[in-house]
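Colleague: This one is my_file.csv, CSV, C-alpha atoms.
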```csv
chain,number,residue,atom,x,y,z
A,1,MET,CA,0.0,0.0,0.0
A,2,ARG,CA,2.7,2.4,1.0
A,3,ALA,CA,4.7,1.7,-2.2
A,4,ASP,CA,1.6,2.4,-4.3
A,5,ILE,CA,1.0,5.7,-2.7
A,6,LEU,CA,4.6,6.7,-3.1
A,7,ARG,CA,4.5,5.8,-6.8
A,8,VAL,CA,1.5,8.0,-7.2
A,9,LEU,CA,3.1,10.9,-5.3
A,10,ASP,CA,6.3,10.5,-7.3
A,11,CYS,CA,4.3,10.7,-10.5
A,12,VAL,CA,2.7,13.9,-9.3
A,13,VAL,CA,6.0,15.6,-8.4
A,14,ARG,CA,7.7,14.6,-11.6
A,15,GLY,CA,4.7,15.1,-14.0
A,16,LEU,CA,3.0,18.2,-12.7
A,17,PRO,CA,5.5,20.8,-13.9
A,18,ALA,CA,4.7,19.7,-17.5
A,19,HIS,CA,0.9,20.4,-16.9
A,20,TRP,CA,1.2,23.6,-15.0
A,21,GLN,CA,0.6,27.0,-16.7
A,22,ARG,CA,1.2,30.4,-15.2
A,23,ARG,CA,-2.2,31.9,-16.0
A,24,LYS,CA,-4.3,28.7,-15.4
A,25,GLY,CA,-2.3,27.4,-12.4
A,26,VAL,CA,-2.4,23.8,-11.3
A,27,PRO,CA,-4.9,21.8,-13.4
A,28,GLN,CA,-7.2,19.2,-11.9
A,29,LEU,CA,-5.6,15.8,-12.5
A,30,MET,CA,-6.4,12.2,-11.8
A,31,VAL,CA,-3.3,10.1,-11.1
A,32,PHE,CA,-3.7,6.3,-10.8
A,33,LEU,CA,-1.8,3.1,-11.1
A,34,ASP,CA,-1.8,1.5,-14.6
A,35,GLY,CA,-0.4,-1.9,-14.2
A,36,PRO,CA,2.4,-3.1,-11.9
A,37,GLU,CA,5.0,-0.6,-13.1
A,38,ASN,CA,3.2,2.4,-14.7
A,39,VAL,CA,1.4,5.4,-13.2
A,40,ARG,CA,-0.9,7.4,-15.4
A,41,MET,CA,-1.9,11.1,-15.1
A,42,GLU,CA,-5.0,12.4,-16.8
A,43,LYS,CA,-6.7,15.8,-16.8
A,44,ILE,CA,-10.2,15.9,-15.2
A,45,THR,CA,-12.5,18.8,-16.0
A,46,LEU,CA,-14.8,20.7,-13.6
A,47,ARG,CA,-17.7,19.2,-15.5
A,48,GLU,CA,-16.5,15.7,-14.6
A,49,LEU,CA,-15.9,16.7,-11.0
A,50,SER,CA,-19.5,18.1,-10.8
A,51,GLY,CA,-20.8,14.5,-11.2
A,52,HIS,CA,-19.6,13.8,-7.6
A,53,GLY,CA,-21.4,16.8,-5.9
A,54,TYR,CA,-22.0,20.5,-6.0
A,55,LEU,CA,-18.8,22.3,-7.0
A,56,ASP,CA,-19.4,25.0,-4.3
A,57,GLU,CA,-19.1,22.3,-1.7
A,58,PHE,CA,-15.9,20.9,-3.2
A,59,SER,CA,-14.0,20.5,0.0
A,60,ARG,CA,-16.6,18.2,1.5
A,61,TRP,CA,-16.6,15.6,-1.2
A,62,ALA,CA,-13.3,15.9,-3.0
A,63,GLY,CA,-11.8,12.9,-1.2
A,64,SER,CA,-14.5,10.7,-2.7
A,65,VAL,CA,-13.5,11.5,-6.3
A,66,PRO,CA,-10.6,9.0,-6.7
A,67,VAL,CA,-12.5,6.2,-5.0
A,68,SER,CA,-13.9,4.6,-8.2
A,69,LYS,CA,-10.4,4.7,-9.8
A,70,ALA,CA,-8.8,3.2,-6.7
A,71,ARG,CA,-11.3,0.3,-6.7
A,72,GLU,CA,-10.4,-0.4,-10.3
A,73,HIS,CA,-6.6,0.3,-10.3
A,74,GLY,CA,-5.6,-0.1,-6.6
A,75,CYS,CA,-4.5,3.4,-5.9
A,76,ALA,CA,-5.6,6.8,-7.2
A,77,ALA,CA,-5.2,10.5,-6.4
A,78,LEU,CA,-7.0,13.7,-7.2
A,79,VAL,CA,-4.6,16.6,-7.7
A,80,HIS,CA,-5.6,20.3,-7.7
A,81,GLY,CA,-4.2,23.7,-6.6
A,82,ASN,CA,-5.2,25.4,-3.4
A,83,ARG,CA,-7.0,28.1,-5.4
A,84,ILE,CA,-9.5,25.7,-7.0
A,85,HIS,CA,-12.5,27.5,-5.3
A,86,ALA,CA,-11.5,30.7,-7.2
A,87,ARG,CA,-11.6,28.7,-10.5
A,88,ILE,CA,-14.9,27.1,-9.7
A,89,ASN,CA,-16.6,30.4,-8.6
A,90,ARG,CA,-14.9,32.5,-11.3
A,91,ILE,CA,-16.7,35.6,-12.5
A,92,GLY,CA,-14.7,37.2,-15.2
A,93,PRO,CA,-11.0,37.6,-14.2
A,94,ILE,CA,-11.7,37.5,-10.5
A,95,GLY,CA,-10.9,33.8,-10.1
A,96,SER,CA,-8.1,33.6,-12.6
A,97,GLY,CA,-4.8,32.1,-11.5
A,98,TRP,CA,-3.0,35.1,-12.8
A,99,ARG,CA,-4.4,37.4,-10.1
A,100,SER,CA,-3.8,35.1,-7.1
A,101,PRO,CA,-1.9,32.0,-8.2
A,102,ASP,CA,-1.7,28.7,-6.5
A,103,THR,CA,0.9,28.3,-3.8
A,104,PHE,CA,0.7,24.6,-3.2
A,105,VAL,CA,-0.7,21.4,-4.7
A,106,CYS,CA,-3.3,19.3,-2.9
A,107,VAL,CA,-3.1,15.6,-3.5
A,108,ARG,CA,-6.0,13.5,-2.1
A,109,THR,CA,-5.0,9.8,-2.4
A,110,VAL,CA,-7.1,6.7,-2.0
A,111,HIS,CA,-6.0,3.1,-1.8
A,112,ARG,CA,-8.5,0.3,-2.0
A,113,ASP,CA,-6.9,-1.5,1.0
A,114,LEU,CA,-6.7,1.5,3.3
A,115,ARG,CA,-9.6,2.7,5.5
A,116,MET,CA,-8.3,6.3,5.8
A,117,SER,CA,-7.2,8.2,2.8
A,118,PRO,CA,-4.1,10.4,3.3
A,119,SER,CA,-4.0,13.9,1.8
A,120,PHE,CA,-0.8,15.8,1.0
A,121,SER,CA,0.1,19.4,0.4
A,122,LEU,CA,3.2,20.0,-1.7
A,123,LYS,CA,4.5,23.5,-1.7
A,124,PHE,CA,6.2,24.9,-4.8
A,125,ASP,CA,7.8,27.9,-6.3
A,126,VAL,CA,7.7,29.5,-9.7
A,127,GLU,CA,11.1,30.1,-11.3
A,128,GLY,CA,11.9,32.2,-14.3
A,129,ARG,CA,10.4,35.5,-15.4
A,130,PHE,CA,10.0,35.1,-19.2
A,131,PHE,CA,9.7,31.3,-19.2
A,132,PRO,CA,8.2,30.4,-15.8
A,133,ARG,CA,8.2,26.9,-14.6
A,134,LEU,CA,6.9,25.1,-11.5
A,135,VAL,CA,9.6,23.8,-9.1
A,136,PHE,CA,8.9,21.8,-6.0
A,137,HIS,CA,10.9,22.5,-2.8
A,138,GLU,CA,13.8,20.2,-2.1
A,139,TRP,CA,12.1,18.9,1.0
A,140,VAL,CA,9.4,17.3,-1.1
A,141,PHE,CA,11.9,15.1,-3.0
A,142,GLY,CA,13.8,14.4,0.2
A,143,THR,CA,10.6,13.3,2.0
A,144,ILE,CA,9.6,10.9,-0.7
A,145,ALA,CA,13.1,9.4,-0.9
A,146,ARG,CA,13.2,8.9,2.9
A,147,ALA,CA,9.7,7.3,2.8
A,148,ARG,CA,10.9,4.8,0.2
A,149,GLN,CA,13.9,3.8,2.2
A,150,SER,CA,12.0,3.2,5.5
```
As structure tokens, what does this structure read like?
Modeller:
Amino acid sequence: MRADILRVLDCVVRGLPAHWQRRKGVPQLMVFLDGPENVRMEKITLRELSGHGYLDEFSRWAGSVPVSKAREHGCAALVHGNRIHARINRIGPIGSGWRSPDTFVCVRTVHRDLRMSPSFSLKFDVEGRFFPRLVFHEWVFGTIARARQS
């Protein structure tokens, strides 16, 4: 179980910078195991998320989103930025990621053999002025490496 969750977290840390955009922030992603060695990352839209509950109550039911994928694949996670409420309730440019960008990534994991679903908050920085890119803090990589060794 622990190894599966670490594989999903590792995929998030390595794959998220390719999906991140300065103006749009951290996209909503579903990350799940795809076989014994592979981990897959797919974008999930707000329309797909609304099938699980009212979007204005996102924080109440967000942990239940990856449950169906976890039943099928063993382990899954919903990934989103901490400003997702601003994107859901956007009226014009008020909720845009440009005005008040995400400062950390929320990862809500579910494993079919665990009763409690752990959630993680991974802080990141944006480096580069003309060609910005998302860079996780060193402690994120160090924590995942230490968890693998123990």
Colleague: Would you write out, as a Markdown table, a table of all residues in region 13-88 of chain A that have an atom no more than 7 Å from an atom of region 104-111 of chain A, listing for each the closest atom pair and the distance in Å to one decimal, considering only C-alpha atoms and ordering rows by chain and rising residue number?
Modeller:
```
| residue | atom | partner | partner_atom | distance |
| --- | --- | --- | --- | --- |
| A:Gly63 | CA | A:Arg108 | CA | 5.9 |
| A:Pro66 | CA | A:Val110 | CA | 6.3 |
| A:Val67 | CA | A:Val110 | CA | 6.2 |
| A:Ala70 | CA | A:His111 | CA | 5.6 |
| A:Gly74 | CA | A:His111 | CA | 5.8 |
| A:Cys75 | CA | A:His111 | CA | 4.4 |
| A:Ala76 | CA | A:Val110 | CA | 5.4 |
| A:Ala77 | CA | A:Thr109 | CA | 4.1 |
| A:Leu78 | CA | A:Arg108 | CA | 5.2 |
| A:Val79 | CA | A:Val107 | CA | 4.6 |
| A:His80 | CA | A:Cys106 | CA | 5.4 |
| A:Gly81 | CA | A:Val105 | CA | 4.6 |
| A:Asn82 | CA | A:Phe104 | CA | 6.0 |
```
Colleague: Show which residues sit within 12 Å of region 131-133 of chain A, as a CSV table (one decimal) with C-alpha atoms, in the frame of the given file. Count only C-alpha atoms, and ignore same-chain residues fewer than 5 positions away.
Modeller:
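As written to disk, out00.csv reads:
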```
chain,number,residue,atom,x,y,z
A,16,LEU,CA,3.0,18.2,-12.7
A,17,PRO,CA,5.5,20.8,-13.9
A,18,ALA,CA,4.7,19.7,-17.5
A,19,HIS,CA,0.9,20.4,-16.9
A,20,TRP,CA,1.2,23.6,-15.0
A,21,GLN,CA,0.6,27.0,-16.7
A,22,ARG,CA,1.2,30.4,-15.2
A,23,ARG,CA,-2.2,31.9,-16.0
A,25,GLY,CA,-2.3,27.4,-12.4
A,26,VAL,CA,-2.4,23.8,-11.3
A,124,PHE,CA,6.2,24.9,-4.8
A,125,ASP,CA,7.8,27.9,-6.3
A,126,VAL,CA,7.7,29.5,-9.7
```
Colleague: Sorted by chain and rising residue number, which residues of region 11-117 of chain A lie within 12 Å of region 137-149 of chain A, and what are their closest atom pairs and distances in Å to one decimal, counting all atoms listed in the file, as JSON lines?
Modeller:
```
{"residue": "A:Cys11", "atom": "CA", "partner": "A:Ile144", "partner_atom": "CA", "distance": 11.1}
{"residue": "A:Val12", "atom": "CA", "partner": "A:Val140", "partner_atom": "CA", "distance": 11.1}
{"residue": "A:Val13", "atom": "CA", "partner": "A:Phe141", "partner_atom": "CA", "distance": 8.0}
{"residue": "A:Arg14", "atom": "CA", "partner": "A:Phe141", "partner_atom": "CA", "distance": 9.6}
{"residue": "A:Thr103", "atom": "CA", "partner": "A:His137", "partner_atom": "CA", "distance": 11.6}
{"residue": "A:Phe104", "atom": "CA", "partner": "A:His137", "partner_atom": "CA", "distance": 10.4}
{"residue": "A:Val105", "atom": "CA", "partner": "A:Val140", "partner_atom": "CA", "distance": 11.5}
```
Colleague: One number please: CA of Leu122 (chain A) to CA of Phe136 (chain A), in Å, one decimal.
Modeller: 7.4 Å
Colleague: Can you measure CA of Phe130 (chain A) to CA of Gly15 (chain A) for me? One decimal in Å is fine.
Modeller: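 Interatomic distance here is 21.3 Å.
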Colleague: Show which residues sit within 12 Å of Phe58 (chain A), as a ChimeraX atom specification. Count all atoms listed in the file, and ignore same-chain residues fewer than 2 positions away.
Modeller: /A:46,49-56,60-65,80,82-89
Colleague: What does the distance between CA of Leu29 (chain A) and CA of Asp4 (chain A) come to in Å, to one decimal place?
Modeller: 17.3 Å
Colleague: Give the answer as one residue: which of A:Ser117, A:Asp102, A:Arg47, A:Lys69 has the shortest atom-to-atom distance to Met30 (chain A), using only C-alpha atoms?
Modeller: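 Smallest distance to Met30 (chain A) is found for A:Lys69.
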Colleague: Identify which of the residues A:Lys123, A:Met116, A:Ile44, A:Ser68 lies closest to Val135 (chain A), counting only C-alpha atoms when measuring atom-to-atom distances.
Modeller: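 Result for the nearest residue to Val135 (chain A): A:Lys123.
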